[in-house]
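A.B. asks: File follows, target_14.csv with CSV, C-alpha atoms and all ligand atoms:
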```csv
chain,number,residue,atom,x,y,z
Y,1,MET,CA,127.0,138.0,7.8
Y,2,ILE,CA,129.6,140.2,9.4
Y,3,HIS,CA,128.8,141.6,12.9
Y,4,ILE,CA,131.5,143.7,14.6
Y,5,ARG,CA,131.0,144.8,18.2
Y,6,ASN,CA,133.2,147.1,20.4
Y,7,LEU,CA,136.2,146.4,18.3
Y,8,ASN,CA,139.3,148.2,19.6
Y,9,LYS,CA,142.8,147.8,18.2
Y,10,HIS,CA,146.1,149.0,19.6
Y,11,TYR,CA,149.6,149.0,18.2
Y,12,ALA,CA,151.8,149.1,21.3
Y,13,HIS,CA,150.1,151.9,23.3
Y,14,ARG,CA,148.6,153.7,20.3
Y,15,GLN,CA,144.9,153.1,19.7
Y,16,ILE,CA,144.3,152.6,15.9
Y,17,LEU,CA,140.6,151.5,16.0
Y,18,ARG,CA,138.1,152.8,18.5
Y,19,ASP,CA,134.9,151.0,19.5
Y,20,ILE,CA,133.9,149.9,16.0
Y,21,ASN,CA,130.4,148.6,15.7
Y,22,LEU,CA,129.2,147.5,12.2
Y,23,ASP,CA,126.9,145.0,10.6
Y,24,ILE,CA,127.3,144.0,6.9
Y,25,ALA,CA,124.6,141.8,5.4
Y,26,ARG,CA,125.1,138.7,3.2
Y,27,GLY,CA,125.5,139.7,-0.4
Y,28,GLU,CA,126.1,143.4,0.3
Y,29,ILE,CA,128.9,145.5,-1.2
Y,30,HIS,CA,130.1,147.6,1.7
Y,31,GLY,CA,132.5,150.5,1.3
Y,32,LEU,CA,135.0,151.6,3.9
Y,33,LEU,CA,136.0,155.2,3.1
Y,34,GLY,CA,138.4,157.4,4.9
Y,35,VAL,CA,141.6,159.5,4.4
Y,36,SER,CA,145.0,157.9,4.5
Y,37,GLY,CA,145.9,156.6,8.0
Y,38,ALA,CA,142.2,156.5,9.2
Y,39,GLY,CA,142.4,152.8,9.9
Y,40,LYS,CA,140.6,151.3,6.9
Y,41,SER,CA,143.2,148.6,6.1
Y,42,THR,CA,143.6,147.7,9.7
Y,43,LEU,CA,139.9,147.0,10.1
Y,44,LEU,CA,140.0,145.0,6.9
Y,45,ARG,CA,142.9,142.9,8.2
Y,46,CYS,CA,140.9,142.4,11.5
Y,47,ILE,CA,138.0,141.0,9.4
Y,48,ASN,CA,140.4,138.7,7.6
Y,49,GLY,CA,141.9,137.4,10.9
Y,50,LEU,CA,145.3,138.8,9.9
Y,51,GLU,CA,145.3,141.2,12.8
Y,52,SER,CA,144.2,140.5,16.4
Y,53,PHE,CA,142.3,143.1,18.4
Y,54,ASP,CA,141.5,143.8,22.0
Y,55,ASP,CA,139.9,140.9,24.0
Y,56,ASN,CA,136.6,142.6,24.8
Y,57,GLY,CA,135.7,143.1,21.1
Y,58,SER,CA,133.7,140.7,19.0
Y,59,LEU,CA,133.8,139.9,15.3
Y,60,VAL,CA,131.4,137.3,14.1
Y,61,ILE,CA,131.5,136.2,10.4
Y,62,ASN,CA,128.9,133.7,9.3
Y,63,GLY,CA,128.2,132.7,12.9
Y,64,VAL,CA,131.8,132.2,13.8
Y,65,GLU,CA,133.4,134.4,16.5
Y,66,ILE,CA,136.9,134.9,15.2
Y,67,ASN,CA,138.4,136.8,18.2
Y,68,GLN,CA,140.8,134.4,19.9
Y,69,LEU,CA,140.1,131.5,17.5
Y,70,PRO,CA,142.9,128.9,17.9
Y,71,ALA,CA,145.5,129.2,15.1
Y,72,GLN,CA,144.5,126.1,13.2
Y,73,LYS,CA,140.8,127.0,13.3
Y,74,LEU,CA,141.7,130.5,12.2
Y,75,ARG,CA,143.6,129.2,9.2
Y,76,GLU,CA,140.6,127.0,8.2
Y,77,PHE,CA,138.3,130.0,8.7
Y,78,ARG,CA,140.4,132.2,6.5
Y,79,LYS,CA,139.9,129.9,3.5
Y,80,LYS,CA,136.4,131.4,3.3
Y,81,ILE,CA,137.7,135.0,3.0
Y,82,GLY,CA,139.4,136.1,-0.3
Y,83,MET,CA,141.4,139.2,-0.5
Y,84,ILE,CA,142.8,141.4,-3.2
Y,85,PHE,CA,145.3,144.3,-3.0
Y,86,GLN,CA,146.4,147.4,-4.8
Y,87,ASP,CA,149.7,145.8,-5.8
Y,88,PHE,CA,148.0,142.5,-6.9
Y,89,ALA,CA,150.5,140.3,-4.9
Y,90,LEU,CA,151.0,137.8,-7.7
Y,91,LEU,CA,153.9,135.4,-7.8
Y,92,GLN,CA,156.1,136.6,-10.7
Y,93,ARG,CA,157.8,133.3,-11.4
Y,94,LYS,CA,154.5,131.5,-11.9
Y,95,THR,CA,152.2,131.7,-14.8
Y,96,VAL,CA,148.7,133.1,-14.5
Y,97,ILE,CA,147.1,129.7,-14.2
Y,98,GLU,CA,149.7,128.6,-11.6
Y,99,ASN,CA,148.9,131.6,-9.5
Y,100,VAL,CA,145.2,130.8,-9.5
Y,101,MET,CA,145.9,127.1,-8.8
Y,102,LEU,CA,148.1,127.8,-5.8
Y,103,PRO,CA,145.5,128.2,-3.0
Y,104,MET,CA,143.8,125.0,-4.2
Y,105,GLN,CA,147.1,123.1,-4.1
Y,106,CYS,CA,148.0,124.5,-0.7
Y,107,TRP,CA,144.7,123.2,0.7
Y,108,ARG,CA,145.2,119.8,-1.0
Y,109,GLN,CA,142.0,119.6,-2.9
Y,110,ASP,CA,141.5,116.8,-5.3
Y,111,MET,CA,144.5,117.6,-7.6
Y,112,ARG,CA,142.8,116.2,-10.7
Y,113,ASN,CA,140.2,118.9,-10.8
Y,114,ILE,CA,142.4,121.9,-10.0
Y,115,PRO,CA,143.5,122.9,-13.6
Y,116,GLN,CA,139.9,122.7,-14.8
Y,117,GLN,CA,138.7,124.8,-11.8
Y,118,ALA,CA,141.4,127.3,-12.4
Y,119,LYS,CA,140.5,127.6,-16.1
Y,120,ALA,CA,136.8,128.2,-15.2
Y,121,LEU,CA,137.9,131.0,-12.8
Y,122,LEU,CA,140.0,132.6,-15.5
Y,123,LYS,CA,137.0,132.4,-17.8
Y,124,LEU,CA,134.8,134.0,-15.2
Y,125,VAL,CA,137.2,137.0,-14.9
Y,126,GLY,CA,137.6,137.2,-18.7
Y,127,ILE,CA,141.3,136.3,-19.2
Y,128,GLU,CA,141.2,132.6,-20.1
Y,129,ASP,CA,143.5,133.4,-23.1
Y,130,LYS,CA,146.2,134.5,-20.7
Y,131,ALA,CA,146.5,131.3,-18.7
Y,132,ASP,CA,150.2,130.7,-19.7
Y,133,PHE,CA,151.4,134.2,-19.5
Y,134,ARG,CA,153.5,135.5,-16.6
Y,135,PRO,CA,152.3,138.5,-14.5
Y,136,GLN,CA,154.9,140.9,-16.0
Y,137,GLN,CA,153.4,140.3,-19.4
Y,138,LEU,CA,150.0,141.6,-18.3
Y,139,SER,CA,148.4,145.0,-17.9
Y,140,GLY,CA,147.4,146.3,-14.4
Y,141,GLY,CA,143.8,145.5,-15.0
Y,142,GLN,CA,144.6,141.9,-16.2
Y,143,LYS,CA,146.8,141.4,-13.1
Y,144,GLN,CA,143.9,142.4,-10.9
Y,145,ARG,CA,141.7,139.9,-12.7
Y,146,VAL,CA,144.2,137.2,-12.0
Y,147,ALA,CA,144.3,138.2,-8.3
Y,148,ILE,CA,140.4,138.1,-8.3
Y,149,ALA,CA,140.4,134.6,-9.8
Y,150,ARG,CA,142.9,133.5,-7.2
Y,151,ALA,CA,140.9,135.1,-4.4
Y,152,LEU,CA,137.9,133.1,-5.6
Y,153,ALA,CA,139.8,129.8,-5.8
Y,154,LEU,CA,138.6,128.5,-2.4
Y,155,GLU,CA,135.0,129.6,-3.0
Y,156,PRO,CA,135.0,132.4,-0.3
Y,157,GLN,CA,131.9,133.8,1.2
Y,158,VAL,CA,133.5,137.2,1.6
Y,159,LEU,CA,135.8,139.1,-0.7
Y,160,LEU,CA,137.9,141.9,0.8
Y,161,CYS,CA,139.3,144.5,-1.5
Y,162,ASP,CA,142.1,146.8,-0.2
Y,163,GLU,CA,142.5,149.8,-2.5
Y,164,ALA,CA,142.1,147.2,-5.4
Y,165,THR,CA,141.7,149.9,-8.1
Y,166,SER,CA,143.9,152.6,-6.7
Y,167,ALA,CA,146.7,151.8,-9.2
Y,168,LEU,CA,144.5,151.6,-12.2
Y,169,ASP,CA,143.4,154.2,-14.8
Y,170,PRO,CA,139.6,155.2,-14.8
Y,171,VAL,CA,138.6,152.9,-17.7
Y,172,THR,CA,140.3,149.9,-16.2
Y,173,THR,CA,138.9,150.8,-12.7
Y,174,LYS,CA,135.4,150.7,-14.2
Y,175,SER,CA,136.0,147.3,-15.8
Y,176,ILE,CA,137.3,145.9,-12.5
Y,177,LEU,CA,134.4,147.4,-10.5
Y,178,ASP,CA,131.9,145.9,-13.1
Y,179,LEU,CA,133.6,142.5,-12.6
Y,180,LEU,CA,133.2,142.8,-8.8
Y,181,LYS,CA,129.5,143.7,-9.2
Y,182,GLU,CA,129.0,140.7,-11.5
Y,183,ILE,CA,130.8,138.4,-9.1
Y,184,ASN,CA,128.7,139.8,-6.2
Y,185,GLN,CA,125.5,139.1,-8.2
Y,186,ARG,CA,126.4,135.7,-9.7
Y,187,LEU,CA,128.1,134.1,-6.7
Y,188,ASN,CA,126.3,136.1,-3.9
Y,189,ILE,CA,129.6,136.9,-2.3
Y,190,THR,CA,129.7,139.7,0.3
Y,191,ILE,CA,132.3,142.3,-0.7
Y,192,VAL,CA,134.0,144.8,1.5
Y,193,ILE,CA,135.9,147.6,-0.4
Y,194,VAL,CA,138.4,149.8,1.3
Y,195,THR,CA,139.1,152.9,-0.8
Y,196,HIS,CA,139.8,156.6,-0.6
Y,197,GLN,CA,138.3,157.0,-4.1
Y,198,MET,CA,134.8,158.4,-3.9
Y,199,GLU,CA,133.8,157.3,-7.4
Y,200,VAL,CA,134.5,153.7,-6.5
Y,201,VAL,CA,132.1,153.9,-3.6
Y,202,LYS,CA,129.4,155.6,-5.7
Y,203,ALA,CA,129.6,153.2,-8.6
Y,204,THR,CA,129.8,150.0,-6.7
Y,205,CYS,CA,128.7,150.0,-3.1
Y,206,ASP,CA,125.3,149.4,-1.5
Y,207,ARG,CA,126.2,150.8,1.9
Y,208,LEU,CA,129.1,152.8,3.1
Y,209,SER,CA,131.0,153.4,6.4
Y,210,ILE,CA,133.2,156.5,6.9
Y,211,ILE,CA,136.2,156.0,9.2
Y,212,GLU,CA,138.0,159.0,10.7
Y,213,ASP,CA,140.9,158.7,13.0
Y,214,GLY,CA,140.0,155.1,13.9
Y,215,GLU,CA,136.4,155.8,14.6
Y,216,LEU,CA,133.4,154.8,12.5
Y,217,ILE,CA,131.7,158.2,12.0
Y,218,ALA,CA,128.8,157.3,9.7
Y,219,THR,CA,127.2,154.1,8.2
Y,220,ASN,CA,124.3,154.2,5.8
Y,221,SER,CA,123.2,153.4,2.3
Y,222,VAL,CA,125.4,155.1,-0.2
Y,223,ASP,CA,122.6,157.3,-1.6
Y,224,GLN,CA,121.5,158.4,1.9
Y,225,ILE,CA,125.1,159.4,2.8
Y,226,PHE,CA,125.4,161.4,-0.4
Y,227,ILE,CA,122.0,163.0,0.2
Y,228,GLU,CA,122.9,164.0,3.8
Y,229,LYS,CA,126.7,164.7,3.1
Y,230,PRO,CA,127.7,164.5,6.8
Y,231,PRO,CA,130.7,166.7,7.8
Y,232,ALA,CA,132.9,163.6,7.7
Y,233,LEU,CA,132.2,163.0,4.0
Y,234,GLN,CA,132.7,166.7,3.3
Y,235,ARG,CA,136.1,166.6,5.0
Y,236,ILE,CA,137.0,163.8,2.5
Y,237,THR,CA,135.5,165.4,-0.6
Y,238,GLY,CA,136.9,168.8,0.4
Y,239,ASP,CA,133.5,170.4,-0.4
Y,240,ILE,CA,133.8,174.2,-0.7
Y,241,ALA,CA,131.8,176.3,1.7
Y,242,MET,CA,129.3,178.3,-0.4
Y,243,SER,CA,127.8,181.5,0.9
Y,244,THR,CA,125.2,183.9,-0.6
Y,245,MET,CA,125.4,187.5,-1.8
Y,246,PRO,CA,124.5,190.3,0.7
Y,247,GLY,CA,120.8,190.8,0.8
Y,248,GLN,CA,120.1,187.3,-0.5
Y,249,VAL,CA,119.3,184.0,1.0
Y,250,GLY,CA,120.8,180.8,-0.3
Y,251,PHE,CA,120.0,177.1,0.0
Y,252,LYS,CA,121.7,173.8,-1.0
Y,253,ILE,CA,118.8,171.6,-2.1
Y,254,THR,CA,119.5,167.9,-2.6
Y,255,LEU,CA,117.2,165.8,-4.8
Y,256,PRO,CA,117.5,162.1,-5.2
Y,257,SER,CA,116.8,162.0,-9.0
Y,258,ILE,CA,116.9,164.2,-12.0
Y,259,GLU,CA,113.2,163.5,-12.7
Y,260,GLN,CA,112.2,164.8,-9.2
Y,261,SER,CA,114.4,167.9,-9.7
Y,262,THR,CA,112.2,169.2,-12.5
Y,263,SER,CA,109.0,169.2,-10.5
Y,264,ILE,CA,110.6,170.6,-7.3
Y,265,LEU,CA,112.4,173.4,-9.2
Y,266,LEU,CA,109.2,174.3,-11.1
Y,267,GLY,CA,107.3,174.5,-7.8
Y,268,LEU,CA,110.0,176.6,-6.3
Y,269,ALA,CA,109.9,179.0,-9.2
Y,270,THR,CA,106.2,179.5,-8.5
Y,271,VAL,CA,106.8,180.1,-4.8
Y,272,VAL,CA,109.4,182.9,-5.5
Y,273,ASN,CA,107.8,184.4,-8.6
Y,274,GLN,CA,110.6,183.0,-10.8
Y,275,ALA,CA,113.1,185.2,-8.8
Y,276,PHE,CA,115.8,182.7,-8.1
Y,277,THR,CA,119.2,181.7,-9.5
Y,278,ILE,CA,120.9,178.3,-9.6
Y,279,PHE,CA,124.5,179.3,-9.2
Y,280,TYR,CA,126.1,175.9,-8.8
Y,281,THR,CA,125.1,172.2,-9.3
Y,282,GLN,CA,126.8,169.0,-8.4
Y,283,THR,CA,125.8,165.5,-9.2
Y,284,ASP,CA,126.7,162.3,-7.4
Y,285,TYR,CA,126.2,159.3,-9.7
Y,286,CYS,CA,125.5,156.4,-7.3
Y,287,LYS,CA,124.7,152.8,-8.1
Y,288,THR,CA,121.0,153.5,-7.6
Y,289,GLY,CA,120.9,156.7,-9.7
Y,290,ALA,CA,121.9,160.3,-9.7
Y,291,ILE,CA,121.7,162.6,-6.7
Y,292,VAL,CA,121.7,166.2,-7.6
Y,293,HIS,CA,122.7,169.1,-5.3
Y,294,TYR,CA,121.5,172.6,-6.4
Y,295,TYR,CA,122.8,175.8,-4.9
Y,296,ILE,CA,120.3,178.5,-5.2
Y,297,THR,CA,119.9,182.1,-4.1
Y,298,THR,CA,116.9,184.3,-4.0
Y,299,GLU,CA,115.7,187.5,-2.4
Y,300,HIS,CA,115.4,187.6,1.4
Y,301,GLN,CA,111.6,188.2,1.3
Y,302,TYR,CA,111.1,184.6,0.2
Y,303,HIS,CA,113.1,183.0,3.0
Y,304,GLN,CA,110.2,181.6,5.0
Y,305,GLN,CA,108.1,180.6,1.9
Y,306,ILE,CA,111.1,178.5,0.5
Y,307,ILE,CA,111.6,176.7,3.8
Y,308,ALA,CA,107.9,176.0,4.1
Y,309,TYR,CA,107.8,174.7,0.5
Y,310,LEU,CA,110.9,172.5,0.9
Y,311,ASN,CA,109.6,171.1,4.2
Y,312,SER,CA,106.2,170.3,2.8
Y,313,ASN,CA,107.8,168.4,-0.1
Y,314,SER,CA,110.2,166.6,2.3
Y,315,VAL,CA,113.2,167.9,0.4
Y,316,THR,CA,116.6,167.7,2.0
Y,317,PHE,CA,118.2,171.2,2.2
Y,318,GLN,CA,120.7,173.3,4.0
Y,319,GLU,CA,120.7,177.1,4.4
Y,320,LEU,CA,123.9,178.6,3.1
Y,321,ALA,CA,125.8,181.1,5.3
Y,322,SER,CA,124.8,184.6,4.7
Y,323,PRO,CA,127.4,187.4,4.8
Y,324,ILE,CA,124.8,189.7,6.3
Y,325,SER,CA,124.0,187.6,9.3
Y,326,ALA,CA,127.7,186.8,9.7
Y,327,MET,CA,128.4,190.6,10.2
P,1,LIG,N1,152.0,147.3,11.8
P,1,LIG,C1,151.8,148.5,12.3
P,1,LIG,N2,152.4,149.0,13.4
P,1,LIG,C2,152.2,150.2,13.9
P,1,LIG,N3,151.3,151.1,13.4
P,1,LIG,C3,150.6,150.7,12.3
P,1,LIG,C4,150.8,149.4,11.7
P,1,LIG,N4,150.0,149.3,10.6
P,1,LIG,C5,149.3,150.5,10.6
P,1,LIG,N5,149.7,151.3,11.6
P,1,LIG,C6,149.2,152.7,11.8
P,1,LIG,O1,147.7,152.6,12.0
P,1,LIG,C7,147.1,153.7,11.4
P,1,LIG,C8,146.0,153.2,10.4
P,1,LIG,O2,146.7,152.6,9.3
P,1,LIG,P1,145.9,151.9,8.1
P,1,LIG,O3,146.8,151.4,7.1
P,1,LIG,O4,144.8,151.0,8.7
P,1,LIG,O5,145.2,153.2,7.5
P,1,LIG,P2,144.4,153.4,6.1
P,1,LIG,O6,143.1,154.2,6.5
P,1,LIG,O7,144.2,152.1,5.5
P,1,LIG,O8,145.4,154.3,5.3
P,1,LIG,P3,145.8,154.2,3.8
P,1,LIG,O9,144.6,154.6,3.0
P,1,LIG,O10,147.0,155.1,3.7
P,1,LIG,O11,146.2,152.7,3.5
P,1,LIG,C9,148.2,154.5,10.7
P,1,LIG,O12,148.5,155.6,11.6
P,1,LIG,C10,149.4,153.6,10.6
P,1,LIG,O13,150.6,154.3,10.8
```
Here is a file; write its structure as structure tokens.

C.D. replies:
Amino acid sequence: MIHIRNLNKHYAHRQILRDINLDIARGEIHGLLGVSGAGKSTLLRCINGLESFDDNGSLVINGVEINQLPAQKLREFRKKIGMIFQDFALLQRKTVIENVMLPMQCWRQDMRNIPQQAKALLKLVGIEDKADFRPQQLSGGQKQRVAIARALALEPQVLLCDEATSALDPVTTKSILDLLKEINQRLNITIVIVTHQMEVVKATCDRLSIIEDGELIATNSVDQIFIEKPPALQRITGDIAMSTMPGQVGFKITLPSIEQSTSILLGLATVVNQAFTIFYTQTDYCKTGAIVHYYITTEHQYHQQIIAYLNSNSVTFQELASPISAM
């Protein structure tokens, strides 16, 4: 659906995006995660055709190469891409339904059907009763629903979300994310979500890319990224470095479900004669289920048995730093 190859972007002499290569499948919800200034929004604007990029790069959406597309063709192409923003970008002097009708009026569709189509969109996003309100009479979540309805007005194939829930409280964020998932399922729209909120990615996205200083550092399914926790993700989450007590060995064990945890931990207890302690646990609730990270310590004599046991059960693990070996 979206194929990006060797995409570089400069502002004046400063390079903002570096050799981005990324494939996003039709119907996927893809997250772009990174710290502030990493280049997420710039990449989103390139996908939307709002920003140009270096000549040698390629960005193909639904079979159309958009690099250097003539202006009129680009305008036509952009009809198929909807976008929503953190600040909603609604016209304050127009009513809710007028905001939703605007893109259809601009593109001169059959004017008779427009009010009916706009009402259907408001129903889809759950605010048909607010059609005649003005944006300032709505809550943040309701405003974002209007923005989503307007973004869907031209029946886009792709919906781009730029920090769309960053200004919302957790409960409203969840309701907007649920709506995006419903739209993705019902309309089979490909969704790209730019965010710095880890919970948004976990709850909503199928796959995830991490951007750091303009470079795409990691791309994978969300659960695989949270199982592997590459250093780029740890830099965003600010994970604390755990170490063991002197004379002990420590491991971070990652298990892809709570059910699997029980059997692995029971097996581990047998291997070390029950002599281990779980001193910290952390759970990542992803769209596909819970990924649990256990931090354990045990006596040094069990070091090799634990490694053999974890390897034989294909468990993802990391050894924790030991103060003894560091001395
Ligand atoms: N129009 C512009 N002119 C010059 N530099 C720009 C422009 N737009 C963005 N930048 C720079 O490009 C870099 C990436 O910005 P971008 O907005 O893409 O980052 P981001 O990851 O989306 O950050 P945030 O999460 O804060 O929105 C930043 O250093 C920013 O200062």

A.B. asks: Could you give me the residues within 9 Å of ligand LIG 1 (chain P), counting all atoms listed in the file, as a JSON list (two decimals) with C-alpha atoms, in the coordinates of the input?

C.D. replies:
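Result file pocket12.json:
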```json
[["chain", "number", "residue", "atom", "x", "y", "z"],
["Y", 10, "HIS", "CA", 146.10, 149.00, 19.60],
["Y", 11, "TYR", "CA", 149.60, 149.00, 18.20],
["Y", 12, "ALA", "CA", 151.80, 149.10, 21.30],
["Y", 14, "ARG", "CA", 148.60, 153.70, 20.30],
["Y", 15, "GLN", "CA", 144.90, 153.10, 19.70],
["Y", 16, "ILE", "CA", 144.30, 152.60, 15.90],
["Y", 17, "LEU", "CA", 140.60, 151.50, 16.00],
["Y", 32, "LEU", "CA", 135.00, 151.60, 3.90],
["Y", 33, "LEU", "CA", 136.00, 155.20, 3.10],
["Y", 34, "GLY", "CA", 138.40, 157.40, 4.90],
["Y", 35, "VAL", "CA", 141.60, 159.50, 4.40],
["Y", 36, "SER", "CA", 145.00, 157.90, 4.50],
["Y", 37, "GLY", "CA", 145.90, 156.60, 8.00],
["Y", 38, "ALA", "CA", 142.20, 156.50, 9.20],
["Y", 39, "GLY", "CA", 142.40, 152.80, 9.90],
["Y", 40, "LYS", "CA", 140.60, 151.30, 6.90],
["Y", 41, "SER", "CA", 143.20, 148.60, 6.10],
["Y", 42, "THR", "CA", 143.60, 147.70, 9.70],
["Y", 43, "LEU", "CA", 139.90, 147.00, 10.10],
["Y", 44, "LEU", "CA", 140.00, 145.00, 6.90],
["Y", 45, "ARG", "CA", 142.90, 142.90, 8.20],
["Y", 162, "ASP", "CA", 142.10, 146.80, -0.20],
["Y", 163, "GLU", "CA", 142.50, 149.80, -2.50],
["Y", 194, "VAL", "CA", 138.40, 149.80, 1.30],
["Y", 195, "THR", "CA", 139.10, 152.90, -0.80],
["Y", 196, "HIS", "CA", 139.80, 156.60, -0.60],
["Y", 211, "ILE", "CA", 136.20, 156.00, 9.20],
["Y", 212, "GLU", "CA", 138.00, 159.00, 10.70],
["Y", 213, "ASP", "CA", 140.90, 158.70, 13.00],
["Y", 214, "GLY", "CA", 140.00, 155.10, 13.90]]
```

A.B. asks: Can you tell me how far atom CA of Ile291 of chain Y sits from atom CA of Val315 of chain Y, in Å to one decimal?

C.D. replies: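 Between these atoms lies a distance of 12.3 Å.
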
A.B. asks: Extract, using only C-alpha atoms, all DNA, RNA and protein residues at most 6 Å from segment 271-276 of chain Y, discarding same-chain residues fewer than 3 positions from it, and format them as a VMD selection string.

C.D. replies: chain Y and resid 268 297 to 298

A.B. asks: Would you list the contacts of Phe88 of chain Y as a ChimeraX atom specification, taking every protein, DNA or RNA residue within 9 Å and counting only C-alpha atoms, but skipping same-chain residues closer than 5 positions in sequence?

C.D. replies: /Y:140,143-148,164

A.B. asks: Could the residues in this selection be written to a file with C-alpha atoms, as an mmCIF file, in the frame of the given file?

C.D. replies:
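Result file is again19.cif:
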```cif
data_model
loop_
_atom_site.group_PDB
_atom_site.id
_atom_site.type_symbol
_atom_site.label_atom_id
_atom_site.label_comp_id
_atom_site.auth_asym_id
_atom_site.auth_seq_id
_atom_site.Cartn_x
_atom_site.Cartn_y
_atom_site.Cartn_z
ATOM 1 C CA GLY Y 140 147.400 146.300 -14.400
ATOM 2 C CA LYS Y 143 146.800 141.400 -13.100
ATOM 3 C CA GLN Y 144 143.900 142.400 -10.900
ATOM 4 C CA ARG Y 145 141.700 139.900 -12.700
ATOM 5 C CA VAL Y 146 144.200 137.200 -12.000
ATOM 6 C CA ALA Y 147 144.300 138.200 -8.300
ATOM 7 C CA ILE Y 148 140.400 138.100 -8.300
ATOM 8 C CA ALA Y 164 142.100 147.200 -5.400
#
```

A.B. asks: Identify which of the residues Y:Leu22, Y:Ile278, Y:Met1, Y:Ile264 lies closest to Asn313 of chain Y, counting only C-alpha atoms when measuring atom-to-atom distances.

C.D. replies: Y:Ile264

A.B. asks: Would you work out the distance separating atom CA of Ala149 of chain Y from atom CA of Asn99 of chain Y, expressed in Å to one decimal?

C.D. replies: 9.0 Å

A.B. asks: Find, counting only C-alpha atoms, the residue in Y:Leu310, Y:Leu216, Y:Ile296, Y:Ile176 that gets nearest to Val249 of chain Y.

C.D. replies: Y:Ile296

A.B. asks: Would you mind telling me which residue in Y:Asp284, Y:Glu98, Y:Asp206, Y:Asp178 lies nearest to Arg26 of chain Y when using only C-alpha atoms?

C.D. replies: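 Nearest to Arg26 of chain Y: Y:Asp206.
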
A.B. asks: Do you know which residues lie at most 6 Å from (129.0, 145.9, -0.7), with coordinates as in the file and only C-alpha atoms counted, and could you write them as a count of residues only?

C.D. replies: 7

A.B. asks: Could you tell me how far atom CA of Ile20 of chain Y sits from atom CA of Ile227 of chain Y, in Å to one decimal place?

C.D. replies: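 Answer for the atom CA of Ile227 of chain Y to atom CA of Ile20 of chain Y separation: 23.7 Å.
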
A.B. asks: Determine the nearest neighbour of Val222 of chain Y from the options Y:Pro256, Y:Gly238, Y:Pro156, Y:Pro115, counting all atoms listed in the file.

C.D. replies: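 That would be Y:Pro256, the residue with the smallest distance to Val222 of chain Y.
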
A.B. asks: Please determine the residues with any atom at most 12 Å from (147.4, 127.9, -4.7) (coordinates as given in the file, with only C-alpha atoms counting) and report them as a ChimeraX atom specification.

C.D. replies: /Y:79,90-91,94-109,111,114-115,117-118,147,149-154

A.B. asks: Under the rule that only C-alpha atoms are counted, which of Y:Ile81, Y:Ala203, Y:Leu180, Y:Ile210 is the nearest residue to Leu160 of chain Y?

C.D. replies: Y:Ile81

A.B. asks: Can you complete the atoms of segment 72-84 of chain Y to N, CA and C atoms and list them as a PDB file, in the coordinates of the input?

C.D. replies:
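Result went into part-v6.pdb, see below:
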```pdb
ATOM      1  N   GLN Y  72     144.870 127.004  14.265  1.00  0.00           N
ATOM      2  CA  GLN Y  72     144.500 126.100  13.200  1.00  0.00           C
ATOM      3  C   GLN Y  72     143.063 126.387  12.696  1.00  0.00           C
ATOM      4  N   LYS Y  73     142.169 126.680  13.650  1.00  0.00           N
ATOM      5  CA  LYS Y  73     140.800 127.000  13.300  1.00  0.00           C
ATOM      6  C   LYS Y  73     140.745 128.321  12.475  1.00  0.00           C
ATOM      7  N   LEU Y  74     141.619 129.265  12.866  1.00  0.00           N
ATOM      8  CA  LEU Y  74     141.700 130.500  12.200  1.00  0.00           C
ATOM      9  C   LEU Y  74     142.128 130.345  10.721  1.00  0.00           C
ATOM     10  N   ARG Y  75     143.124 129.472  10.558  1.00  0.00           N
ATOM     11  CA  ARG Y  75     143.600 129.200   9.200  1.00  0.00           C
ATOM     12  C   ARG Y  75     142.510 128.579   8.350  1.00  0.00           C
ATOM     13  N   GLU Y  76     141.754 127.663   8.905  1.00  0.00           N
ATOM     14  CA  GLU Y  76     140.600 127.000   8.200  1.00  0.00           C
ATOM     15  C   GLU Y  76     139.577 128.097   7.842  1.00  0.00           C
ATOM     16  N   PHE Y  77     139.298 128.945   8.831  1.00  0.00           N
ATOM     17  CA  PHE Y  77     138.300 130.000   8.700  1.00  0.00           C
ATOM     18  C   PHE Y  77     138.667 130.939   7.534  1.00  0.00           C
ATOM     19  N   ARG Y  78     139.978 131.257   7.456  1.00  0.00           N
ATOM     20  CA  ARG Y  78     140.400 132.200   6.500  1.00  0.00           C
ATOM     21  C   ARG Y  78     140.303 131.764   5.038  1.00  0.00           C
ATOM     22  N   LYS Y  79     140.116 130.458   4.856  1.00  0.00           N
ATOM     23  CA  LYS Y  79     139.900 129.900   3.500  1.00  0.00           C
ATOM     24  C   LYS Y  79     138.607 130.557   2.918  1.00  0.00           C
ATOM     25  N   LYS Y  80     137.677 130.923   3.791  1.00  0.00           N
ATOM     26  CA  LYS Y  80     136.400 131.400   3.300  1.00  0.00           C
ATOM     27  C   LYS Y  80     136.391 132.929   3.070  1.00  0.00           C
ATOM     28  N   ILE Y  81     137.585 133.523   3.219  1.00  0.00           N
ATOM     29  CA  ILE Y  81     137.700 135.000   3.000  1.00  0.00           C
ATOM     30  C   ILE Y  81     138.782 135.210   1.930  1.00  0.00           C
ATOM     31  N   GLY Y  82     138.388 135.750   0.785  1.00  0.00           N
ATOM     32  CA  GLY Y  82     139.400 136.100  -0.300  1.00  0.00           C
ATOM     33  C   GLY Y  82     139.775 137.536  -0.101  1.00  0.00           C
ATOM     34  N   MET Y  83     140.980 137.852  -0.582  1.00  0.00           N
ATOM     35  CA  MET Y  83     141.400 139.200  -0.500  1.00  0.00           C
ATOM     36  C   MET Y  83     142.212 139.659  -1.692  1.00  0.00           C
ATOM     37  N   ILE Y  84     141.988 140.880  -2.146  1.00  0.00           N
ATOM     38  CA  ILE Y  84     142.800 141.400  -3.200  1.00  0.00           C
ATOM     39  C   ILE Y  84     143.372 142.781  -2.801  1.00  0.00           C
TER      40      ILE Y  84
END
```
